[in-house]
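K.L.:
Enclosed is the structure file query-v2.cif (mmCIF, C-alpha atoms).
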```cif
data_final
loop_
_atom_site.label_atom_id
_atom_site.label_comp_id
_atom_site.auth_asym_id
_atom_site.auth_seq_id
_atom_site.Cartn_x
_atom_site.Cartn_y
_atom_site.Cartn_z
CA MET A 45 -5.29 -12.42 -0.58
CA PRO A 46 -4.78 -9.28 1.53
CA ILE A 47 -5.98 -5.90 0.36
CA VAL A 48 -3.29 -3.22 0.52
CA ARG A 49 -4.39 0.43 0.32
CA PRO A 50 -2.15 3.50 0.58
CA LEU A 51 -2.95 5.94 3.39
CA MET A 52 -2.49 9.57 2.46
CA THR A 53 -5.22 11.77 3.93
CA ASP A 54 -6.42 12.52 7.45
CA PRO A 55 -9.70 10.61 6.83
CA ASP A 56 -7.64 7.56 5.78
CA PHE A 57 -5.67 7.64 9.03
CA GLN A 58 -8.82 8.33 11.08
CA GLU A 59 -10.50 5.26 9.56
CA VAL A 60 -7.64 2.86 10.35
CA MET A 61 -7.32 4.35 13.84
CA ASP A 62 -11.06 4.01 14.59
CA GLN A 63 -11.28 0.46 13.22
CA GLY A 64 -7.94 -0.74 14.63
CA ILE A 65 -6.70 -1.88 11.22
CA PRO A 66 -3.02 -2.89 11.10
CA ILE A 67 -0.71 -0.93 8.83
CA ARG A 68 2.66 -1.31 7.12
CA ILE A 69 5.22 1.48 7.02
CA PHE A 70 7.95 1.86 4.42
CA LYS A 71 10.88 4.27 4.47
CA ASP A 72 13.34 4.54 1.58
CA ASN A 73 11.65 1.49 -0.02
CA HIS A 74 12.30 -0.66 3.06
CA LEU A 75 9.65 -2.13 5.33
CA ILE A 76 10.33 -0.64 8.76
CA GLU A 77 7.16 -1.63 10.63
CA SER A 78 4.32 -4.08 10.03
CA GLY A 79 1.19 -4.96 11.97
CA SER A 80 1.17 -1.88 14.17
CA ARG A 81 -1.88 0.25 14.81
CA VAL A 82 -2.29 4.03 14.49
CA ILE A 83 -3.02 5.54 17.90
CA ARG A 84 -2.68 9.22 16.98
CA PHE A 85 -1.70 11.44 14.08
CA THR A 86 -0.87 15.07 13.43
CA ASP A 87 -0.19 17.07 10.28
CA ASP A 88 3.41 15.84 10.16
CA THR A 89 3.66 12.72 12.38
CA ILE A 90 1.94 9.33 12.59
CA ILE A 91 2.18 7.63 15.99
CA THR A 92 1.84 3.84 16.02
CA GLN A 93 1.76 1.14 18.67
CA SER A 94 2.92 -2.41 17.99
CA SER A 95 2.84 -3.73 21.57
CA VAL A 96 2.04 -2.50 25.06
CA SER A 97 5.25 -0.51 25.46
CA SER A 98 6.36 -0.05 21.85
CA LEU A 99 5.48 3.29 20.24
CA GLY A 100 6.70 4.52 16.87
CA TYR A 101 6.86 8.10 15.63
CA HIS A 102 6.99 8.41 11.83
CA LYS A 103 7.23 11.56 9.71
CA ARG A 104 4.57 11.68 6.99
CA GLU A 105 6.92 13.15 4.38
CA GLU A 106 9.62 10.50 5.00
CA CYS A 107 7.44 7.37 5.04
CA GLU A 108 4.74 5.59 3.06
CA PHE A 109 1.80 4.08 4.95
CA PHE A 110 -0.43 1.22 3.83
CA GLU A 111 -3.54 -0.37 5.32
CA VAL A 112 -3.53 -4.18 5.24
CA ARG A 113 -6.83 -6.08 5.35
CA LYS A 114 -7.31 -9.79 4.95
#
```
Represent the structure contained in this file as structure tokens.

P.N.:
Amino acid sequence: MPIVRPLMTDPDFQEVMDQGIPIRIFKDNHLIESGSRVIRFTDDTIITQSSVSSLGYHKREECEFFEVRK
């Protein structure tokens, strides 16, 4: 059973970025991205990469982020 943990703080995002842990992103209670990795983050934006040429820019205040470990 996978472990799902909410990501809220900078240390949370730093941990998933350093360890390459996949995340899920929800916006307005809808899953908008799954399995992508955090490649960078700022105070207001989380930047993810799901494939070689696919980058996502997500506002922290508009989305919910979750770490997914198996």

K.L.:
To verify the selection step, state as a list in words which residues the PyMOL selection byres ((chain A and resi 85) around 10) yields on this input.

P.N.:
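Those residues are Asp54, Phe57, Gln58, Met61, Val82, Ile83, Arg84, Thr86, Asp87, Asp88, Thr89, Ile90, Ile91, Thr92, Tyr101, His102, Lys103 and Arg104 of chain A.
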
K.L.:
Figure out the distance between atom CA of A:Ser97 and atom CA of A:Pro46, please, to one decimal in Å.

P.N.:
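For atom CA of A:Pro46 relative to atom CA of A:Ser97, the distance reads 27.4 Å.
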
K.L.:
Could you list, as a short mmCIF file (atom, residue, chain, number, x, y, z; two decimals) with C-alpha atoms, keeping the file's coordinate frame, every residue matched by the PyMOL selection byres ((chain A and resi 113) around 12) in this structure?

P.N.:
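File written: part27.cif
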```
data_model
loop_
_atom_site.label_atom_id
_atom_site.label_comp_id
_atom_site.auth_asym_id
_atom_site.auth_seq_id
_atom_site.Cartn_x
_atom_site.Cartn_y
_atom_site.Cartn_z
CA MET A 45 -5.29 -12.42 -0.58
CA PRO A 46 -4.78 -9.28 1.53
CA ILE A 47 -5.98 -5.90 0.36
CA VAL A 48 -3.29 -3.22 0.52
CA ARG A 49 -4.39 0.43 0.32
CA PRO A 50 -2.15 3.50 0.58
CA VAL A 60 -7.64 2.86 10.35
CA GLN A 63 -11.28 0.46 13.22
CA GLY A 64 -7.94 -0.74 14.63
CA ILE A 65 -6.70 -1.88 11.22
CA PRO A 66 -3.02 -2.89 11.10
CA ILE A 67 -0.71 -0.93 8.83
CA ARG A 68 2.66 -1.31 7.12
CA GLY A 79 1.19 -4.96 11.97
CA PHE A 110 -0.43 1.22 3.83
CA GLU A 111 -3.54 -0.37 5.32
CA VAL A 112 -3.53 -4.18 5.24
CA LYS A 114 -7.31 -9.79 4.95
#
```

K.L.:
When you count all atoms listed in the file, which of these residues is closest to A:Phe109: A:Asp56, A:Val96, A:Ile69, A:Leu75?

P.N.:
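Looking at the shortest contact to A:Phe109, the residue is A:Ile69.
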
K.L.:
Just the number, please: distance in Å from atom CA of A:Leu99 to atom CA of A:Asn73, one decimal.

P.N.:
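Computing it gives 21.3 Å between the two atoms.
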
K.L.:
Using atom CA of A:Pro55 and atom CA of A:Ile76 as the two end points, give the distance in Å to one decimal.

P.N.:
23.1 Å

K.L.:
So, with all atoms listed in the file as the atoms that count, which of A:Arg81, A:Gln93, A:Asp62, A:Leu51 lies closest to A:Glu108?

P.N.:
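Closest candidate: A:Leu51.
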
K.L.:
Name all residues at most 8 Å from A:Asp72 (count all atoms listed in the file; drop same-chain ones fewer than 2 positions away) and give them as a list of chain:residue names.

P.N.:
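Returned residues: A:Phe70, A:His74, A:Glu106, A:Cys107.
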
K.L.:
Rebuild N, CA, C and O atoms on stretch 47-71 of chain A, as a compact mmCIF listing (two decimals), keeping the file's coordinate frame?

P.N.:
```
# COMPACT_ATOMS: atom_id res chain seq x y z
N ILE A 47 -5.75 -7.15 1.08
CA ILE A 47 -5.98 -5.90 0.36
C ILE A 47 -5.03 -4.86 0.94
O ILE A 47 -5.00 -4.65 2.15
N VAL A 48 -4.25 -4.22 0.09
CA VAL A 48 -3.29 -3.22 0.52
C VAL A 48 -3.71 -1.89 -0.09
O VAL A 48 -3.85 -1.76 -1.29
N ARG A 49 -3.94 -0.89 0.78
CA ARG A 49 -4.39 0.43 0.32
C ARG A 49 -3.47 1.50 0.90
O ARG A 49 -3.21 1.51 2.10
N PRO A 50 -2.99 2.41 0.06
CA PRO A 50 -2.15 3.50 0.58
C PRO A 50 -2.96 4.46 1.45
O PRO A 50 -4.12 4.72 1.17
N LEU A 51 -2.33 4.96 2.49
CA LEU A 51 -2.95 5.94 3.39
C LEU A 51 -2.28 7.28 3.15
O LEU A 51 -1.07 7.39 3.31
N MET A 52 -3.08 8.27 2.78
CA MET A 52 -2.49 9.57 2.46
C MET A 52 -3.18 10.74 3.15
O MET A 52 -2.53 11.72 3.47
N THR A 53 -4.46 10.64 3.39
CA THR A 53 -5.22 11.77 3.93
C THR A 53 -5.58 11.55 5.40
O THR A 53 -5.54 10.43 5.90
N ASP A 54 -5.97 12.63 6.06
CA ASP A 54 -6.42 12.52 7.45
C ASP A 54 -7.60 11.56 7.60
O ASP A 54 -7.60 10.76 8.54
N PRO A 55 -8.61 11.59 6.71
CA PRO A 55 -9.70 10.61 6.83
C PRO A 55 -9.23 9.16 6.71
O PRO A 55 -9.77 8.27 7.37
N ASP A 56 -8.21 8.90 5.88
CA ASP A 56 -7.64 7.56 5.78
C ASP A 56 -7.08 7.11 7.12
O ASP A 56 -7.35 6.00 7.59
N PHE A 57 -6.27 7.98 7.74
CA PHE A 57 -5.67 7.64 9.03
C PHE A 57 -6.72 7.54 10.13
O PHE A 57 -6.63 6.69 11.01
N GLN A 58 -7.75 8.39 10.08
CA GLN A 58 -8.82 8.33 11.08
C GLN A 58 -9.56 6.99 10.97
O GLN A 58 -9.89 6.38 11.98
N GLU A 59 -9.80 6.53 9.76
CA GLU A 59 -10.50 5.26 9.56
C GLU A 59 -9.72 4.08 10.13
O GLU A 59 -10.28 3.26 10.86
N VAL A 60 -8.42 3.99 9.83
CA VAL A 60 -7.64 2.86 10.35
C VAL A 60 -7.48 2.97 11.87
O VAL A 60 -7.43 1.94 12.55
N MET A 61 -7.42 4.17 12.40
CA MET A 61 -7.32 4.35 13.84
C MET A 61 -8.62 3.91 14.52
O MET A 61 -8.59 3.16 15.50
N ASP A 62 -9.77 4.35 13.99
CA ASP A 62 -11.06 4.01 14.59
C ASP A 62 -11.35 2.51 14.52
O ASP A 62 -11.92 1.94 15.45
N GLN A 63 -10.97 1.88 13.42
CA GLN A 63 -11.28 0.46 13.22
C GLN A 63 -10.17 -0.48 13.70
O GLN A 63 -10.33 -1.69 13.68
N GLY A 64 -9.04 0.08 14.13
CA GLY A 64 -7.94 -0.74 14.63
C GLY A 64 -7.30 -1.61 13.56
O GLY A 64 -6.85 -2.72 13.84
N ILE A 65 -7.26 -1.11 12.34
CA ILE A 65 -6.70 -1.88 11.22
C ILE A 65 -5.18 -1.79 11.25
O ILE A 65 -4.62 -0.70 11.38
N PRO A 66 -4.48 -2.93 11.11
CA PRO A 66 -3.02 -2.89 11.10
C PRO A 66 -2.49 -2.22 9.84
O PRO A 66 -3.14 -2.25 8.78
N ILE A 67 -1.31 -1.61 9.97
CA ILE A 67 -0.71 -0.93 8.83
C ILE A 67 0.73 -1.40 8.63
O ILE A 67 1.33 -2.00 9.53
N ARG A 68 1.25 -1.11 7.44
CA ARG A 68 2.66 -1.31 7.12
C ARG A 68 3.28 0.04 6.82
O ARG A 68 2.64 0.88 6.20
N ILE A 69 4.53 0.21 7.22
CA ILE A 69 5.22 1.48 7.02
C ILE A 69 6.53 1.21 6.29
O ILE A 69 7.31 0.34 6.69
N PHE A 70 6.73 1.96 5.21
CA PHE A 70 7.95 1.86 4.42
C PHE A 70 8.70 3.19 4.48
O PHE A 70 8.09 4.25 4.47
N LYS A 71 10.02 3.09 4.52
CA LYS A 71 10.88 4.27 4.47
C LYS A 71 12.05 3.93 3.55
O LYS A 71 12.70 2.90 3.75
```
